[in-house]
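For reference, the structure discussed in these notes is given below.
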Amino acid sequence: MAEVILNGVSKAFGQTQALKNVSMTIPDGAFVVLLGPTGAGKTTTLRQIAGLDHPDQGDIRIGGESVLAMTPAQRAIAMVFQQYSLYPHLTVRDNLAFPLRSPVLNRPAAEIAKRVAEVAEVLRISHKLDNKATQLSGGEMQRVSIGRALIRSPRIYLMDEPLSSLDAKLRADLRIELKRIHADLGATFLYVTHDQIEAMTMATHVGVLDRGALVQFGTPREIYENPVSTYVASRLGQPRINLLPADAFGPAPAGAAQIGLRPEHIHIGEGQEATIRRVEHLGDQTRLHLHLGPHEIITLADTETRLAPGDTIAIRPQSALWFDASGNRI
Amino acid sequence: MAEIVIRNLRKEFGAFTAVKESSFTIGDGEFFMLLGPSGCGKTTTLRMIAGLELPTSGEVLIDGEDVSQLPASKRDIAMVFQMFALYPHLNVRKNIAYPLVSQGMPKAQIVAKIAEVAKILGIESILDKPVGGLSGGDRQRVALGRAIVRSPKAFMMDEPLGALDAEFREHMAEELRALHDRMHATTVYVTHDQLEAMQMGDKIVVMNHGVVEQFGTPREIYDHPAMLFVADFIGSPSMNFLRFEGGFRPGDEAVTLSGVQIAIPQVQEDAAGRALVLGVRPEHVTLNDAAQYRGKIETTEYLGTTQIVTIATANGTIKARIPSGQHVGPGEMVGLTFTTSRLSLFDAGSGRAFRTAANAGVHHG
């Protein structure tokens, strides 16, 4: 396992600057999640580290040495993609063993058998080893494709939205499984997603990308509680943070242009009058869509609430995040 | 706008039955969700309402008129698909105008209609742009505009947000629902995403293997699932199932799991000894050291204000949603209590929920 360092990495595709001077240290044994909407540069970052693309500028170091001159195979990384491309004519066992039998690695048969058994155990697919890949469910196929990455004991695992094509339940199961694998192996993971729940629950560190630039790097809790900008603040939290003109609730600190209120920052019961536009009973939470004068606010109510559209309630901020005119935190 | 009644609707494709005798009513002006996993028959049901498939048997009534054998063009329904198919050589205005032009509507009327629709959707500024350069959201709005402009009796939407990324999907879901709140058009919406259904729907039909499993408001379906399938499909994480052997009589107010008595809503049915399931939502599990029922913490997942804790018990693994400030670590033994009024009791064999003081009056499929 190894520490990975990106130093001033930039990459352009024609006129599009996909990565802008990205510097980041992925500590040995960390689980780093890159978060951002489509086009933020998440996958491009992975591809530079994997060696599938070459940066225009900057350096990438794995375990202390620059890997820019190395081929993907020499870098000893493993990559898992969203689309699990298994060999359909092979059994699960042969799919797992495939990387070890490749000319580059070419391990002895006894060692391969041992590794396959170990990995199958970790992923709980031992009972399916003799099935054809096509006889598996979606979740099992994705586990096999993760298994194919695990089998090589690489220096870092790169994962590009590995769970996004699975249904909600399987995603939840595999989330826990990946976390367990990470804890058991002590391996270094770099994981791309735009699912904020995956980022919150699995990451030791989150890197937030905005149009090719790394805008914040920290623990999920830091990113959630202490965002540097409205952009970062909007990445985590369901419902999203409410962003209103700074004076919506009265005097604001000097230089503040916007007030950011997460649902837990809004106190219900006193303050300014707001009208309920819509009540959403989502089961584990109940969302209130409010009109506060010309502004729309979403907050949470007790799940047993009897509040209905048209009712008015009083609200006030009990703590807030302040942002300046360009969206930076004050 | 219209009320749509589905009566004993059935569809067979050769030997395969896609939809089995479904019945439900879509109220005038409702935002109505058809929810279920892939292959459950929800899209086939929608296509039968729209007239894109003819039912093998049963009826579709729109405002009291049986339309089940009428072609789609005679039903006055607008469809919105996942892949918003726009005419690439026409600009936004002409794309929206197309259905009206083909109906032969007078030009002045078309201009007025487009202005109205563009205002509703907030796309006045892009009316003269080619559709080629539009963002995903604007393309979706134009596709909606083309559906709205005809003022049809009802809208049919087949996973219209399915191809969008998570963040944008949530935004469009809010926008669609706000649009509905302004227009109050009867809308039938197909999705496999339970959160989308809970968030947007006035009513939900949950389907599985061609059968309507439950029909009700999001709250009824979440709080009082009629079947194990529904309990498992709705909610994230879904309802916990504590499996045990036992029986009960009408009036009983507790069941015994691994030697511990657990209070439940008063039962109104009889069941001799059999395999049972006690259903409890993650947010109705409380960690309480004094409680007799015990479990061992396996993992915790931080979610901002709350955390999800996975706990091994003698009756299976369960998840609890608790405040993130509460400190618990893997390996700890904890006591568990459950919110009595919100518990469900199922027959493990048939999957049916037993009638109790809590769920009396909730509809089955």
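Ligands are numbered from 1 in the order shown, chains are lettered A, B, ... in the order of the structure tokens, and residues start at 1 in each chain.
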
Using only C-alpha atoms, select each residue of chain B with any atom at most 7 Å away from an atom of chain A, and give the selection as a PyMOL selection string. chain B and resi 166+198-199+218-219+222+235+283+301-303

Helix (DSSP H, G or I) residues, from DSSP on the backbone, in region 44-170 of chain A, as number ranges by chain: A: 44-50, 92-101, 109-123, 126-128, 133-135, 138-150, 168-170

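Taking region 31-134 of chain A and asking which residues DSSP calls strand (DSSP E) on the backbone, you get Phe31, Val32, Val33, Leu34, Leu35, Gln57, Gly58, Asp59, Ile60, Arg61, Ile62, Glu65, Ser66, Ile77, Ala78, Met79 and Val80 of chain A.
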
Would you export the selected residues with N, CA and C atoms as an mmCIF file, in the first residue's frame, please?
```
data_model
loop_
_atom_site.group_PDB
_atom_site.id
_atom_site.type_symbol
_atom_site.label_atom_id
_atom_site.label_comp_id
_atom_site.auth_asym_id
_atom_site.auth_seq_id
_atom_site.Cartn_x
_atom_site.Cartn_y
_atom_site.Cartn_z
ATOM 1 N N PHE A 31 -9.287 6.453 2.694
ATOM 2 C CA PHE A 31 -10.374 6.232 1.753
ATOM 3 C C PHE A 31 -10.814 7.618 1.303
ATOM 4 N N VAL A 32 -10.302 8.050 0.149
ATOM 5 C CA VAL A 32 -10.585 9.401 -0.322
ATOM 6 C C VAL A 32 -11.699 9.354 -1.361
ATOM 7 N N VAL A 33 -12.727 10.164 -1.153
ATOM 8 C CA VAL A 33 -13.823 10.246 -2.110
ATOM 9 C C VAL A 33 -13.754 11.582 -2.823
ATOM 10 N N LEU A 34 -13.776 11.549 -4.157
ATOM 11 C CA LEU A 34 -13.848 12.777 -4.948
ATOM 12 C C LEU A 34 -15.306 13.038 -5.283
ATOM 13 N N LEU A 35 -15.758 14.250 -4.960
ATOM 14 C CA LEU A 35 -17.167 14.583 -5.101
ATOM 15 C C LEU A 35 -17.310 15.778 -6.027
ATOM 16 N N GLN A 57 0.716 19.060 -17.118
ATOM 17 C CA GLN A 57 1.655 19.643 -16.163
ATOM 18 C C GLN A 57 1.509 18.918 -14.840
ATOM 19 N N GLY A 58 2.554 19.030 -13.998
ATOM 20 C CA GLY A 58 2.458 18.498 -12.652
ATOM 21 C C GLY A 58 3.033 17.101 -12.541
ATOM 22 N N ASP A 59 3.053 16.614 -11.296
ATOM 23 C CA ASP A 59 3.671 15.323 -11.019
ATOM 24 C C ASP A 59 2.709 14.461 -10.208
ATOM 25 N N ILE A 60 2.821 13.150 -10.404
ATOM 26 C CA ILE A 60 2.053 12.194 -9.609
ATOM 27 C C ILE A 60 3.049 11.222 -8.999
ATOM 28 N N ARG A 61 3.004 11.088 -7.673
ATOM 29 C CA ARG A 61 3.944 10.201 -6.995
ATOM 30 C C ARG A 61 3.160 9.141 -6.235
ATOM 31 N N ILE A 62 3.572 7.890 -6.413
ATOM 32 C CA ILE A 62 2.962 6.793 -5.650
ATOM 33 C C ILE A 62 4.075 6.161 -4.837
ATOM 34 N N GLU A 65 7.705 7.668 -5.395
ATOM 35 C CA GLU A 65 8.371 7.835 -6.686
ATOM 36 C C GLU A 65 7.392 8.336 -7.742
ATOM 37 N N SER A 66 7.917 9.158 -8.645
ATOM 38 C CA SER A 66 7.098 9.685 -9.728
ATOM 39 C C SER A 66 6.725 8.544 -10.670
ATOM 40 N N ILE A 77 -1.665 -0.351 -9.878
ATOM 41 C CA ILE A 77 -2.919 0.139 -9.319
ATOM 42 C C ILE A 77 -4.023 -0.778 -9.855
ATOM 43 N N ALA A 78 -5.186 -0.763 -9.208
ATOM 44 C CA ALA A 78 -6.316 -1.531 -9.724
ATOM 45 C C ALA A 78 -7.486 -0.586 -9.884
ATOM 46 N N MET A 79 -8.227 -0.757 -10.962
ATOM 47 C CA MET A 79 -9.317 0.165 -11.221
ATOM 48 C C MET A 79 -10.629 -0.609 -11.351
ATOM 49 N N VAL A 80 -11.697 -0.063 -10.740
ATOM 50 C CA VAL A 80 -13.030 -0.655 -10.876
ATOM 51 C C VAL A 80 -13.931 0.388 -11.524
#
```

Long-range neighbours of Gly250 (chain A) as an MDAnalysis selection string, 12 Å cut-off, only C-alpha atoms, 3 positions minimum in chain: chainID A and resid 244:247 253 256 258:259 271:272 316:317

Do a neighbour search on region 341-344 of chain B at 7 Å with only C-alpha atoms, toss out local chain neighbours closer than 6 positions, and write the hits as a PyMOL selection string. chain B and resi 223-224+264-265+278-280+353+358

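Going from CA of Glu332 (chain B) over to CA of Leu276 (chain B), you cover 27.7 Å.
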